[in-house]
Every structure is written in structure tokens, then in C-alpha cells.
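Colleague: Following this line is query_1.cif, made up of mmCIF, C-alpha atoms:
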```cif
data_query
#
loop_
_atom_site.label_atom_id
_atom_site.label_comp_id
_atom_site.auth_asym_id
_atom_site.auth_seq_id
_atom_site.Cartn_x
_atom_site.Cartn_y
_atom_site.Cartn_z
CA MET D 486 -10.32 -72.06 -23.46
CA ILE D 487 -13.01 -72.12 -20.81
CA GLU D 488 -16.65 -71.10 -21.10
CA MET D 489 -17.45 -68.98 -18.04
CA ARG D 490 -20.77 -70.73 -17.44
CA ASP D 491 -18.94 -74.05 -17.18
CA ALA D 492 -16.61 -72.53 -14.58
CA MET D 493 -19.60 -71.20 -12.64
CA ARG D 494 -21.36 -74.57 -12.74
CA ALA D 495 -18.19 -76.22 -11.44
CA VAL D 496 -17.98 -73.83 -8.49
CA LYS D 497 -21.66 -74.24 -7.66
CA SER D 498 -21.34 -78.01 -7.86
CA GLU D 499 -18.31 -78.09 -5.56
CA ASP D 500 -19.66 -75.63 -2.98
CA PRO D 501 -23.35 -74.74 -3.32
CA GLU D 502 -23.07 -72.63 -0.16
CA ALA D 503 -20.38 -70.33 -1.54
CA ILE D 504 -21.15 -66.62 -1.77
CA VAL D 505 -20.54 -65.61 -5.39
CA LEU D 506 -19.49 -62.11 -6.49
CA LEU D 507 -20.03 -61.17 -10.13
CA ALA D 508 -18.49 -58.46 -12.28
CA GLU D 509 -19.72 -57.07 -15.58
CA THR D 510 -20.72 -59.77 -18.14
CA SER D 511 -20.36 -62.57 -15.61
CA ILE D 512 -23.52 -61.13 -14.05
CA MET D 513 -25.49 -62.10 -17.12
CA ALA D 514 -23.77 -65.46 -17.48
CA PHE D 515 -24.51 -66.43 -13.89
CA ALA D 516 -28.19 -65.75 -14.50
CA ASP D 517 -28.13 -68.75 -16.84
CA VAL D 518 -26.75 -71.14 -14.23
CA SER D 519 -28.13 -69.81 -10.96
CA GLU D 520 -30.95 -71.16 -8.84
CA PRO D 521 -33.30 -69.17 -6.60
CA ASP D 522 -31.45 -69.87 -3.35
CA ASP D 523 -27.97 -69.06 -4.63
CA LEU D 524 -26.10 -66.42 -2.64
CA TYR D 525 -24.82 -64.17 -5.38
CA LEU D 526 -24.04 -60.47 -5.63
CA PRO D 527 -24.08 -58.73 -9.02
CA VAL D 528 -21.75 -55.84 -8.23
CA GLY D 529 -23.30 -52.68 -9.55
CA SER D 530 -20.22 -50.51 -9.69
CA MET D 531 -17.73 -51.25 -12.44
CA SER D 532 -14.50 -52.92 -11.24
CA LYS D 533 -15.45 -53.21 -7.59
CA ALA D 534 -16.27 -56.94 -7.35
CA SER D 535 -12.87 -57.64 -5.79
CA SER D 536 -13.45 -54.99 -3.12
CA VAL D 537 -17.00 -56.07 -2.28
CA GLY D 538 -15.79 -59.66 -2.16
CA LEU D 539 -13.10 -58.70 0.32
CA GLY D 540 -15.68 -57.12 2.60
CA VAL D 541 -17.95 -60.16 2.44
CA ALA D 542 -15.02 -62.51 3.07
CA LEU D 543 -13.95 -60.57 6.15
CA ALA D 544 -17.50 -60.54 7.48
CA GLN D 545 -18.24 -64.22 6.75
CA PRO D 546 -15.00 -66.10 7.44
CA GLU D 547 -16.73 -69.49 7.66
CA LYS D 548 -18.03 -69.35 4.10
CA ASN D 549 -16.19 -69.55 0.81
CA VAL D 550 -16.39 -66.26 -1.07
CA VAL D 551 -15.79 -66.63 -4.81
CA ILE D 552 -15.30 -63.61 -7.05
CA PHE D 553 -15.78 -63.87 -10.81
CA ASP D 554 -13.81 -60.85 -11.97
CA GLY D 555 -12.77 -59.67 -15.42
CA ASP D 556 -9.30 -58.66 -16.55
CA GLY D 557 -10.54 -55.29 -17.74
CA SER D 558 -12.42 -54.90 -14.47
CA LEU D 559 -9.44 -55.75 -12.29
CA LEU D 560 -7.21 -53.37 -14.24
CA MET D 561 -9.58 -50.60 -13.15
CA ASN D 562 -9.16 -51.53 -9.48
CA LEU D 563 -5.61 -52.85 -9.40
CA GLY D 564 -4.90 -51.57 -5.92
CA SER D 565 -7.50 -53.99 -4.59
CA LEU D 566 -4.95 -56.79 -5.08
CA VAL D 567 -2.74 -55.15 -2.48
CA THR D 568 -5.68 -54.44 -0.17
CA VAL D 569 -6.77 -58.09 -0.37
CA GLY D 570 -3.18 -59.27 0.13
CA LYS D 571 -2.88 -57.20 3.29
CA GLN D 572 -6.16 -58.45 4.78
CA ALA D 573 -5.47 -61.99 3.53
CA PRO D 574 -8.89 -63.60 4.10
CA LYS D 575 -8.38 -67.37 4.00
CA ASN D 576 -11.84 -67.94 2.51
CA LEU D 577 -11.45 -65.74 -0.58
CA VAL D 578 -11.10 -67.21 -4.09
CA HIS D 579 -10.59 -64.54 -6.74
CA ILE D 580 -11.28 -65.96 -10.21
CA LEU D 581 -10.11 -63.88 -13.15
CA LEU D 582 -12.13 -64.50 -16.33
CA ALA D 583 -9.33 -63.46 -18.65
CA ASN D 584 -10.40 -62.67 -22.21
CA ASP D 585 -8.33 -59.56 -23.03
CA VAL D 586 -11.36 -57.38 -23.80
CA TYR D 587 -13.88 -55.07 -22.22
CA ALA D 588 -16.80 -57.39 -22.96
CA LEU D 589 -19.32 -55.16 -21.21
CA THR D 590 -18.80 -52.33 -23.66
CA GLY D 591 -18.62 -54.37 -26.84
CA GLY D 592 -15.34 -56.27 -26.85
CA GLN D 593 -12.80 -53.49 -27.16
CA PRO D 594 -9.24 -54.61 -26.23
CA ILE D 595 -7.91 -53.89 -22.75
CA PRO D 596 -4.77 -51.71 -22.65
CA SER D 597 -2.44 -54.69 -22.36
CA GLU D 598 -3.29 -57.98 -24.05
CA GLU D 599 -0.69 -59.55 -21.80
CA ARG D 600 -2.87 -58.35 -18.89
CA GLY D 601 0.11 -56.71 -17.26
CA ASP D 602 1.05 -60.05 -15.65
CA LEU D 603 -1.92 -59.95 -13.30
CA PRO D 604 -1.04 -63.38 -11.82
CA GLY D 605 2.42 -62.10 -10.96
CA MET D 606 0.94 -58.98 -9.41
CA ALA D 607 -1.46 -61.04 -7.30
CA LYS D 608 1.38 -63.20 -6.04
CA ALA D 609 3.51 -60.16 -5.25
CA ALA D 610 0.55 -58.51 -3.50
CA GLY D 611 0.25 -61.35 -1.04
CA TYR D 612 -2.20 -63.89 -2.47
CA VAL D 613 -1.20 -67.22 -0.96
CA SER D 614 -1.79 -69.22 -4.12
CA VAL D 615 -1.92 -68.28 -7.81
CA VAL D 616 -3.01 -70.85 -10.41
CA GLN D 617 -3.98 -70.74 -14.08
CA PHE D 618 -6.15 -73.01 -16.24
CA ASP D 619 -7.09 -73.19 -19.90
CA ASN D 620 -9.44 -76.16 -19.80
CA ILE D 621 -12.48 -76.83 -17.66
CA GLU D 622 -11.58 -80.40 -16.73
CA GLU D 623 -8.35 -79.40 -14.99
CA PHE D 624 -10.06 -76.49 -13.26
CA ALA D 625 -12.91 -78.68 -12.01
CA SER D 626 -10.43 -81.29 -10.85
CA GLU D 627 -8.47 -78.76 -8.78
CA LEU D 628 -11.51 -76.95 -7.35
CA PRO D 629 -11.76 -79.06 -4.18
CA VAL D 630 -8.22 -78.02 -3.30
CA ILE D 631 -8.78 -74.41 -4.31
CA LEU D 632 -11.93 -74.09 -2.21
CA ASN D 633 -10.54 -75.82 0.85
CA GLU D 634 -6.99 -74.53 1.11
CA ASP D 635 -6.17 -71.32 2.93
CA GLY D 636 -6.34 -68.29 0.65
CA PRO D 637 -6.59 -65.75 -0.65
CA THR D 638 -6.29 -67.66 -3.91
CA PHE D 639 -6.03 -66.09 -7.36
CA VAL D 640 -7.26 -68.25 -10.25
CA VAL D 641 -6.77 -67.20 -13.86
CA LEU D 642 -9.09 -68.85 -16.39
CA ASP D 643 -8.39 -68.35 -20.09
CA THR D 644 -11.96 -67.56 -21.01
CA VAL D 645 -13.91 -67.59 -24.26
CA THR D 646 -14.90 -64.09 -25.30
CA GLU D 647 -18.65 -63.90 -25.73
CA VAL D 648 -18.96 -60.28 -26.72
CA THR D 649 -16.79 -59.12 -29.57
CA ASN D 650 -18.73 -56.12 -30.78
CA ALA D 651 -21.44 -53.73 -29.78
CA ALA D 652 -24.08 -55.70 -31.68
CA ASP D 653 -23.34 -58.76 -29.51
CA TRP D 654 -23.81 -56.63 -26.44
CA LYS D 655 -27.18 -55.31 -27.52
CA THR D 656 -28.56 -58.84 -27.75
CA TYR D 657 -26.88 -60.09 -24.58
CA PRO D 658 -29.33 -61.28 -21.91
CA LYS D 659 -29.83 -58.86 -19.06
CA PRO D 660 -29.68 -59.98 -15.44
CA PRO D 661 -32.94 -60.74 -13.65
CA LYS D 662 -31.84 -59.18 -10.34
CA SER D 663 -29.64 -56.19 -9.70
CA TRP D 664 -27.28 -55.21 -6.89
CA ASN D 665 -29.87 -53.15 -5.05
CA VAL D 666 -32.16 -56.19 -4.87
CA GLN D 667 -29.57 -58.84 -4.13
CA ALA D 668 -27.41 -56.99 -1.58
CA PRO D 669 -30.18 -56.68 1.06
CA ALA D 670 -31.50 -60.15 0.17
CA VAL D 671 -28.11 -61.82 0.67
CA ARG D 672 -27.59 -59.88 3.89
CA GLU D 673 -30.95 -61.09 5.18
CA SER D 674 -30.12 -64.64 4.20
CA LEU D 675 -26.76 -64.48 6.00
CA THR D 676 -27.77 -62.53 9.08
CA GLY D 677 -31.55 -62.68 9.40
CA GLU D 678 -31.63 -58.87 9.43
CA MET Z 878 -23.24 -16.74 28.32
CA THR Z 879 -20.95 -17.00 25.33
CA ASN Z 880 -21.13 -18.90 22.10
CA ALA Z 881 -17.45 -18.63 21.31
CA TYR Z 882 -15.64 -20.89 18.91
CA ASP Z 883 -13.83 -23.64 20.75
CA SER Z 884 -10.39 -23.67 19.16
CA SER Z 885 -9.35 -27.00 20.66
CA THR Z 886 -8.87 -29.97 18.40
CA ILE Z 887 -11.44 -32.74 18.03
CA SER Z 888 -10.56 -35.53 20.42
CA ALA Z 889 -9.74 -38.72 18.51
CA ALA Z 890 -10.47 -40.70 21.67
CA ALA Z 891 -13.95 -39.19 21.86
CA VAL Z 892 -14.57 -40.08 18.22
CA VAL Z 893 -13.45 -43.67 18.80
CA SER Z 894 -15.73 -43.78 21.82
CA ALA Z 895 -18.63 -42.73 19.59
CA LEU Z 896 -17.71 -45.49 17.12
CA HIS Z 897 -17.87 -48.01 19.97
CA GLU Z 898 -21.19 -46.60 21.12
CA HIS Z 899 -22.67 -47.22 17.69
CA GLY Z 900 -21.30 -50.72 17.33
CA ILE Z 901 -18.83 -50.04 14.55
CA THR Z 902 -16.86 -53.17 13.67
CA HIS Z 903 -14.60 -51.98 10.84
CA ALA Z 904 -13.01 -48.68 9.83
CA VAL Z 905 -12.35 -48.74 6.08
CA TRP Z 906 -10.06 -45.90 5.28
CA LEU Z 907 -7.29 -44.19 3.48
CA PRO Z 908 -5.36 -42.07 5.98
CA ASP Z 909 -4.87 -38.38 5.38
CA SER Z 910 -2.72 -35.82 7.06
CA GLU Z 911 -5.44 -34.87 9.56
CA THR Z 912 -5.98 -38.30 11.06
CA ASN Z 913 -2.70 -39.44 12.61
CA PHE Z 914 -4.00 -39.64 16.17
CA MET Z 915 -7.06 -41.52 14.99
CA HIS Z 916 -4.84 -44.01 13.18
CA ILE Z 917 -2.80 -44.67 16.31
CA LEU Z 918 -5.92 -45.25 18.40
CA LEU Z 919 -7.61 -47.53 15.91
CA THR Z 920 -4.44 -49.54 15.33
CA ASP Z 921 -4.45 -50.36 19.04
CA ASP Z 922 -8.21 -50.97 19.25
CA ASP Z 923 -9.15 -54.65 19.39
CA SER Z 924 -12.85 -54.13 18.78
CA ILE Z 925 -12.63 -52.14 15.54
CA SER Z 926 -10.75 -53.71 12.64
CA LEU Z 927 -8.82 -51.32 10.44
CA VAL Z 928 -9.04 -51.96 6.69
CA PRO Z 929 -6.59 -49.67 4.89
CA VAL Z 930 -7.08 -49.29 1.13
CA CYS Z 931 -4.96 -48.17 -1.80
CA ARG Z 932 -7.54 -45.79 -3.29
CA GLU Z 933 -10.71 -44.33 -1.87
CA GLY Z 934 -13.07 -45.92 -4.39
CA GLU Z 935 -12.38 -49.25 -2.71
CA THR Z 936 -13.79 -48.05 0.59
CA MET Z 937 -17.48 -47.92 -0.37
CA ALA Z 938 -17.28 -51.36 -1.99
CA ILE Z 939 -15.51 -52.99 0.94
CA ALA Z 940 -17.96 -51.35 3.32
CA ALA Z 941 -20.85 -52.67 1.23
CA GLY Z 942 -19.43 -56.17 1.39
CA LEU Z 943 -18.97 -55.94 5.15
CA TRP Z 944 -22.54 -54.73 5.53
CA VAL Z 945 -23.91 -57.55 3.39
CA GLY Z 946 -21.98 -59.94 5.63
CA GLY Z 947 -23.54 -58.50 8.78
CA LYS Z 948 -20.85 -56.09 9.98
CA LYS Z 949 -21.09 -52.37 10.66
CA PRO Z 950 -18.38 -50.38 8.90
CA VAL Z 951 -17.50 -46.70 8.85
CA VAL Z 952 -15.62 -45.10 5.96
CA MET Z 953 -12.87 -42.55 6.63
CA ILE Z 954 -11.45 -40.61 3.70
CA GLN Z 955 -10.56 -37.05 2.73
CA ASN Z 956 -12.85 -34.86 0.64
CA THR Z 957 -10.56 -35.44 -2.33
CA GLY Z 958 -11.33 -39.13 -1.90
CA VAL Z 959 -15.05 -38.47 -2.18
CA PHE Z 960 -14.41 -37.05 -5.64
CA GLU Z 961 -12.39 -40.14 -6.57
CA SER Z 962 -15.11 -42.44 -5.22
CA GLY Z 963 -17.97 -41.02 -7.27
CA ASP Z 964 -19.10 -44.18 -9.03
CA SER Z 965 -18.63 -46.31 -5.93
CA ILE Z 966 -20.81 -43.96 -3.90
CA ARG Z 967 -23.45 -44.14 -6.61
CA GLY Z 968 -23.33 -47.85 -7.32
CA MET Z 969 -22.51 -49.28 -3.92
CA SER Z 970 -24.09 -46.95 -1.42
CA LEU Z 971 -26.85 -44.82 -2.94
CA ASP Z 972 -28.28 -47.80 -4.83
CA THR Z 973 -28.48 -49.90 -1.66
CA SER Z 974 -30.56 -49.55 1.48
CA MET Z 975 -27.33 -49.46 3.46
CA PRO Z 976 -26.76 -47.21 6.46
CA LEU Z 977 -23.22 -45.87 6.20
CA VAL Z 978 -21.41 -42.95 7.80
CA LEU Z 979 -18.62 -41.34 5.82
CA MET Z 980 -16.14 -39.43 7.98
CA VAL Z 981 -14.65 -37.01 5.50
CA GLY Z 982 -11.59 -34.91 6.17
CA TYR Z 983 -12.60 -31.39 5.11
CA ARG Z 984 -9.34 -30.31 3.47
CA GLY Z 985 -9.30 -26.57 2.90
CA TRP Z 986 -12.15 -25.79 5.28
CA THR Z 987 -12.12 -22.31 6.80
CA ARG Z 988 -14.69 -20.61 8.98
CA HIS Z 989 -14.08 -17.43 7.05
CA GLY Z 990 -15.79 -18.68 3.91
CA ALA Z 991 -13.35 -17.91 1.15
CA THR Z 992 -10.88 -20.69 0.49
CA PRO Z 993 -8.44 -21.14 -2.36
CA ASP Z 994 -8.76 -24.92 -2.06
CA SER Z 995 -11.15 -26.37 -4.65
CA ALA Z 996 -11.40 -29.56 -2.57
CA ALA Z 997 -13.20 -27.48 0.05
CA ARG Z 998 -15.27 -25.45 -2.40
CA PHE Z 999 -16.69 -28.46 -4.22
CA ILE Z 1000 -17.31 -31.02 -1.48
CA GLU Z 1001 -20.62 -29.67 -0.21
CA PRO Z 1002 -22.10 -29.15 -3.71
CA ILE Z 1003 -21.00 -32.69 -4.63
CA LEU Z 1004 -22.66 -34.16 -1.53
CA ASP Z 1005 -25.76 -32.10 -2.29
CA ALA Z 1006 -25.79 -33.45 -5.84
CA TYR Z 1007 -25.69 -37.00 -4.50
CA GLY Z 1008 -28.42 -36.21 -2.00
CA ILE Z 1009 -26.14 -37.11 0.89
CA ARG Z 1010 -26.86 -35.20 4.09
CA TYR Z 1011 -23.84 -33.98 6.02
CA TYR Z 1012 -22.80 -32.42 9.30
CA LEU Z 1013 -19.78 -30.26 10.03
CA VAL Z 1014 -17.62 -31.28 12.98
CA GLU Z 1015 -14.97 -28.71 13.81
CA GLN Z 1016 -14.95 -28.28 17.59
CA GLY Z 1017 -15.65 -30.17 20.78
CA GLU Z 1018 -19.29 -29.18 21.05
CA ASP Z 1019 -19.94 -30.63 17.60
CA MET Z 1020 -19.22 -34.13 18.83
CA GLU Z 1021 -22.91 -34.89 19.30
CA ARG Z 1022 -23.27 -34.57 15.53
CA ILE Z 1023 -21.32 -37.81 15.18
CA SER Z 1024 -24.01 -39.70 17.03
CA MET Z 1025 -26.66 -37.82 15.07
CA ALA Z 1026 -25.10 -38.99 11.82
CA PHE Z 1027 -25.00 -42.65 12.86
CA THR Z 1028 -28.58 -42.50 14.07
CA GLU Z 1029 -29.74 -40.81 10.88
CA ALA Z 1030 -27.92 -43.34 8.70
CA GLU Z 1031 -29.62 -46.19 10.55
CA GLU Z 1032 -33.05 -44.59 10.38
CA THR Z 1033 -32.87 -43.60 6.72
CA LYS Z 1034 -30.74 -46.55 5.54
CA LYS Z 1035 -28.69 -44.09 3.56
CA PRO Z 1036 -25.16 -42.70 3.66
CA VAL Z 1037 -24.60 -39.66 5.89
CA ALA Z 1038 -21.37 -37.65 5.84
CA LEU Z 1039 -19.47 -36.02 8.68
CA LEU Z 1040 -17.23 -33.26 7.41
CA MET Z 1041 -14.31 -33.16 9.84
CA GLY Z 1042 -13.22 -29.55 9.78
CA ARG Z 1043 -10.23 -29.86 12.10
CA GLU Z 1044 -7.41 -32.22 12.77
CA PHE Z 1045 -8.03 -34.89 15.36
CA GLY Z 1046 -6.13 -34.34 18.59
CA GLU Z 1047 -5.16 -36.76 21.30
#
```
Would you mind writing the file out in C-alpha cells?

Modeller:
Amino acid sequence: MIEMRDAMRAVKSEDPEAIVLLAETSIMAFADVSEPDDLYLPVGSMSKASSVGLGVALAQPEKNVVIFDGDGSLLMNLGSLVTVGKQAPKNLVHILLANDVYALTGGQPIPSEERGDLPGMAKAAGYVSVVQFDNIEEFASELPVILNEDGPTFVVLDTVTEVTNAADWKTYPKPPKSWNVQAPAVRESLTGE
Amino acid sequence: MTNAYDSSTISAAAVVSALHEHGITHAVWLPDSETNFMHILLTDDDSISLVPVCREGETMAIAAGLWVGGKKPVVMIQNTGVFESGDSIRGMSLDTSMPLVLMVGYRGWTRHGATPDSAARFIEPILDAYGIRYYLVEQGEDMERISMAFTEAEETKKPVALLMGREFGE
């Protein structure tokens, strides 16, 4: 099993310039590993990290765009797999933090613990590469390939569940910056406008 | 001098021309039955990239991502899609200082007021509830409202809706 902060550190280490999209609890986790100049977007609308990431990837084709999505989140926006597959941005890496629960709301199970074969759906939708990891060493070892090959790439990480009940959620750290702060800030950093 | 209703369709070519005029780079949309001519024109247009989606809620999020990355998108959906996109409009658009024009197919619109179509009856109250200003475009002389909407979106850094009350023509 992989701790999501370790996965985030590995991505930042391999490509500090990557634009990072965050969904649900990954927003809080990234706050623990981020630095002031990181280009990250905490997506403020549930399930839409994959869609925002697609837009950023199309607009910034020279930069790696890395989405940290959740399985519950992606199930709410399943059509985005097909939309991404059709647009096929080569610079998009879609990482699924798979833990079988809705962590954001207290760890309730998602409708299918088998995740509805999300990797198979991504492949069928047109993602160029689909890979899966259950330990951080293998993931970190493959990251140079993942970040440099033509995508879109779908990466499933078997992830440790950090929130298993509502009490966990109430004590979970809250993010320092929200979407409405970061979206204009990242735009200014990328475009000067 | 008359002020008669112009029954001709809205020219899709004139709308695309307005998109060019305002520097639109991407049209993020889910086609509806009123927009066939527009689809043909945009498919053949090299300067505006078409991003078709599976469900309307994706459109606001993709548009937000494009905007963050420095592009200038327009969203094209039907009024039914606005209802489906509620949380995306809230979280992606209203909570961001992002200028965005939504071209919304006004399904069920009638000049005579009464309509049996709830999609038409609810769209304006929903936009009012969100605080989104909107303009009706239903005939040739309304075309200037398209430019007004883009200008207003830029000046206010907020979403502005165009309610397209007629089918696009050639």
C-alpha cells in the first residue's frame, strides 16, 4: 500500500515544474508536502479534478500535468475518461489514489469496492498507458518513464486510507489555500496575466 | 419605422465571427439539437478547438483549466445542461475571478410567455439565483448582445450567459 504523501513527494522530486491537480483529501495531503512556488490547483468542485486537469493540459502542452484523483471522485465524473481519451493530451498523467472509500465524507465505501475496473475503463477510453502500483519504490522507479512518455497515462496507486470515519475527518488538517486563491495565482505564474 | 420581430434564424457564421473577434480559443460543449450548423462550422475552424464532453458538468471545469493555462474558452450547452452543471458553476466559475461566456440553448423558449417546458421556465430563475447576468439572443438584431456578453465577462471577471432562443442557421 502507498501513502499518498509519498507518491506526491516522488512526483515533485521527479518533476518540480509539473502542474499538480488535487481532488478531495489529496488537497489536504499536498499541503503537507508542498512548497510556496509549487504550481498546484486544489479543485473546488467535487469530482472535477480530471476535467480541470484536461483543460490545463490542453492549454500548457509543454508542461507535465499530474492529477491526483480519488476513486470515489472519478466515479462521479466517469465520462471524463472518455473526454480525456478523445483529446488525448500527451502531457497528462492521471493518478488514481484508490482506497475504495469516500474519504472526504468520513470513509464510507464507494458503490463498488472493485472500482468498476477503472483501469480497464481508462484503457478502453483511449488512455495510451495504464499502470498500477502497490508499493512506493516501484512507483518512484517508473516515474521517469511515466512523466516522459506520451500520454495520457492512467496510474492506479493502491493507497492507504487515512479517513475511516467522521471523527477522523473532523480532525483532518484543512488546506491553507483554496481554489479561488490558487486558480488566479497559477494562471498568473503561467501566463503573467 | 417598424420594430418587427425578425423571424430569420441566428447566423452560425456570424456567431463564429464574434467568437473570433473576442479571441476565443476553445469551444467546450455538448451539442444539442439547435446547434448543428454551429458544430459543422467549428469542426472546420482551425483557430477554435472543439472540446466535446460527455456531460455538461465537465464543461465548466475544462473551461476553468483552459483559463488557468492562459486560453480563452466559451461554453456551449443547453439549458438542461445548466441544471446538471450546478455544482461546477458554483465551484469552478462563481468562486473564481474567471471571465466566461456560457452560450445556452434556450430549449422551450417562446415569445408568447407560457411554455409547457420546465427547462424554459426554470432557466432564468436559476441564473438569477446564481447571480449570473444573461442576454436573450433570438433574432439577427440581437447579435450585438454576443459581443456585449464577452465584454461584460471580461470587465466583471464573472460568467455571463447568452440564452440562444432560436436554432442557429447557416

Colleague: Would you list the contacts of Asp602 (chain D) as a PyMOL selection string, taking every protein, DNA or RNA residue within 12 Å and counting all atoms listed in the file, but skipping same-chain residues closer than 5 positions in sequence?

Modeller: chain D and resi 556+559-560+563+583+585+597+607-609+615+617+641

Colleague: What are the closest atom pairs, with distances in Å to one decimal, for all residues of chain Z lying within 10 Å of chain D? Consider all atoms listed in the file, order rows by chain and residue number, and present the result as a Markdown table.

Modeller:
```
| residue | atom | partner | partner_atom | distance |
| --- | --- | --- | --- | --- |
| Z:Thr902 | CA | D:Ala544 | CA | 9.6 |
| Z:His903 | CA | D:Ala544 | CA | 9.6 |
| Z:Val905 | CA | D:Gly540 | CA | 9.7 |
| Z:Ser926 | CA | D:Leu543 | CA | 10.0 |
| Z:Leu927 | CA | D:Gln572 | CA | 9.5 |
| Z:Val928 | CA | D:Gln572 | CA | 7.4 |
| Z:Pro929 | CA | D:Thr568 | CA | 7.0 |
| Z:Val930 | CA | D:Thr568 | CA | 5.5 |
| Z:Cys931 | CA | D:Gly564 | CA | 5.3 |
| Z:Arg932 | CA | D:Gly564 | CA | 6.9 |
| Z:Gly934 | CA | D:Lys533 | CA | 8.3 |
| Z:Glu935 | CA | D:Ser536 | CA | 5.9 |
| Z:Thr936 | CA | D:Ser536 | CA | 7.9 |
| Z:Met937 | CA | D:Val537 | CA | 8.4 |
| Z:Ala938 | CA | D:Val537 | CA | 4.7 |
| Z:Ile939 | CA | D:Gly540 | CA | 4.5 |
| Z:Ala940 | CA | D:Gly540 | CA | 6.2 |
| Z:Ala941 | CA | D:Val537 | CA | 6.2 |
| Z:Gly942 | CA | D:Gly540 | CA | 4.1 |
| Z:Leu943 | CA | D:Gly540 | CA | 4.3 |
| Z:Trp944 | CA | D:Arg672 | CA | 7.4 |
| Z:Val945 | CA | D:Arg672 | CA | 4.4 |
| Z:Gly946 | CA | D:Ala544 | CA | 4.9 |
| Z:Gly947 | CA | D:Thr676 | CA | 5.9 |
| Z:Lys948 | CA | D:Ala544 | CA | 6.1 |
| Z:Lys949 | CA | D:Ala544 | CA | 9.5 |
| Z:Pro950 | CA | D:Gly540 | CA | 9.6 |
| Z:Asp964 | CA | D:Ser530 | CA | 6.5 |
| Z:Ser965 | CA | D:Ser530 | CA | 5.9 |
| Z:Ile966 | CA | D:Ser530 | CA | 8.8 |
| Z:Arg967 | CA | D:Ser530 | CA | 7.8 |
| Z:Gly968 | CA | D:Ser530 | CA | 4.7 |
| Z:Met969 | CA | D:Ser530 | CA | 6.3 |
| Z:Ser970 | CA | D:Asn665 | CA | 9.2 |
| Z:Leu971 | CA | D:Asn665 | CA | 9.1 |
| Z:Asp972 | CA | D:Asn665 | CA | 5.6 |
| Z:Thr973 | CA | D:Asn665 | CA | 4.9 |
| Z:Ser974 | CA | D:Pro669 | CA | 7.2 |
| Z:Met975 | CA | D:Pro669 | CA | 8.1 |
```

Colleague: Which residue is closest to Ile631 (chain D)? Choose from D:Asp619, D:Asp491, D:Glu499, D:Glu509 and count only C-alpha atoms.

Modeller: D:Glu499

Colleague: Where does the PyMOL selection byres ((chain Z and resi 1016) around 12) land in this file, that is, which residues does it pick, as a list in words?

Modeller: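 Those residues are Ala881, Tyr882, Asp883, Ser884, Ser885, Thr886, Ile887, Ser888, Ala889, Ala891, Val892, Arg988, Leu1013, Val1014, Glu1015, Gly1017, Glu1018, Asp1019, Met1020, Glu1021, Arg1022, Ile1023, Leu1040, Met1041, Gly1042, Arg1043, Glu1044, Phe1045 and Gly1046 of chain Z.
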
Colleague: Give me, as a list in words, all polymer residues having an atom no more than 8 Å from Phe618 (chain D), counting all atoms listed in the file and skipping those fewer than 2 positions away in the same chain.

Modeller: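 Those residues are Val616, Asn620, Ile621, Glu623, Phe624, Val640, Val641, Leu642 and Asp643 of chain D.
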
Colleague: Please compute the CA of Ile504 (chain D)-CA of Ile487 (chain D) distance, one decimal, in Å.

Modeller: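 Computing it gives 21.4 Å between the two atoms.
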
Colleague: Do you have the CA of Trp906 (chain Z)-CA of Leu577 (chain D) distance handy?

Modeller: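 It comes out at 20.7 Å.
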
Colleague: Check what the PyMOL selection byres ((chain Z and resi 1004) around 12) selects in the file above and give those residues as a ChimeraX atom specification.

Modeller: /Z:956,959-960,962-963,966-967,971,979,981,997-1003,1005-1012,1036-1040

Colleague: Check what the PyMOL selection byres ((chain D and resi 629) around 12) selects in the file above and give those residues as a list in words.

Modeller: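 Taken on the displayed file, the PyMOL selection byres ((chain D and resi 629) around 12) yields the residues Ala495, Val496, Lys497, Ser498, Glu499, Asp500, Asn549, Val578, Glu623, Phe624, Ala625, Ser626, Glu627, Leu628, Val630, Ile631, Leu632, Asn633, Glu634 and Asp635 of chain D.
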
Colleague: To one decimal in Å, tell me the separation between CA of Ile954 (chain Z) and CA of Pro908 (chain Z).

Modeller: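 One can read the CA of Ile954 (chain Z) to CA of Pro908 (chain Z) distance as 6.7 Å.
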
Colleague: Would you mind listing what lies within 9 Å of Glu898 (chain Z) as a list of chain:residue names, with all atoms listed in the file counted and same-chain residues fewer than 4 positions away left out?

Modeller: Z:Val893, Z:Ser894, Z:Ser1024

Colleague: Report the centre and edge lengths, in Å to one decimal, of an axis-aligned box enclosing every atom of region 547-556 of chain D listed in the file, padded by 5 Å on each side, as JSON.

Modeller:
```
{"center_x": -13.7, "center_y": -64.1, "center_z": -4.4, "size_x": 18.7, "size_y": 20.9, "size_z": 34.2}
```
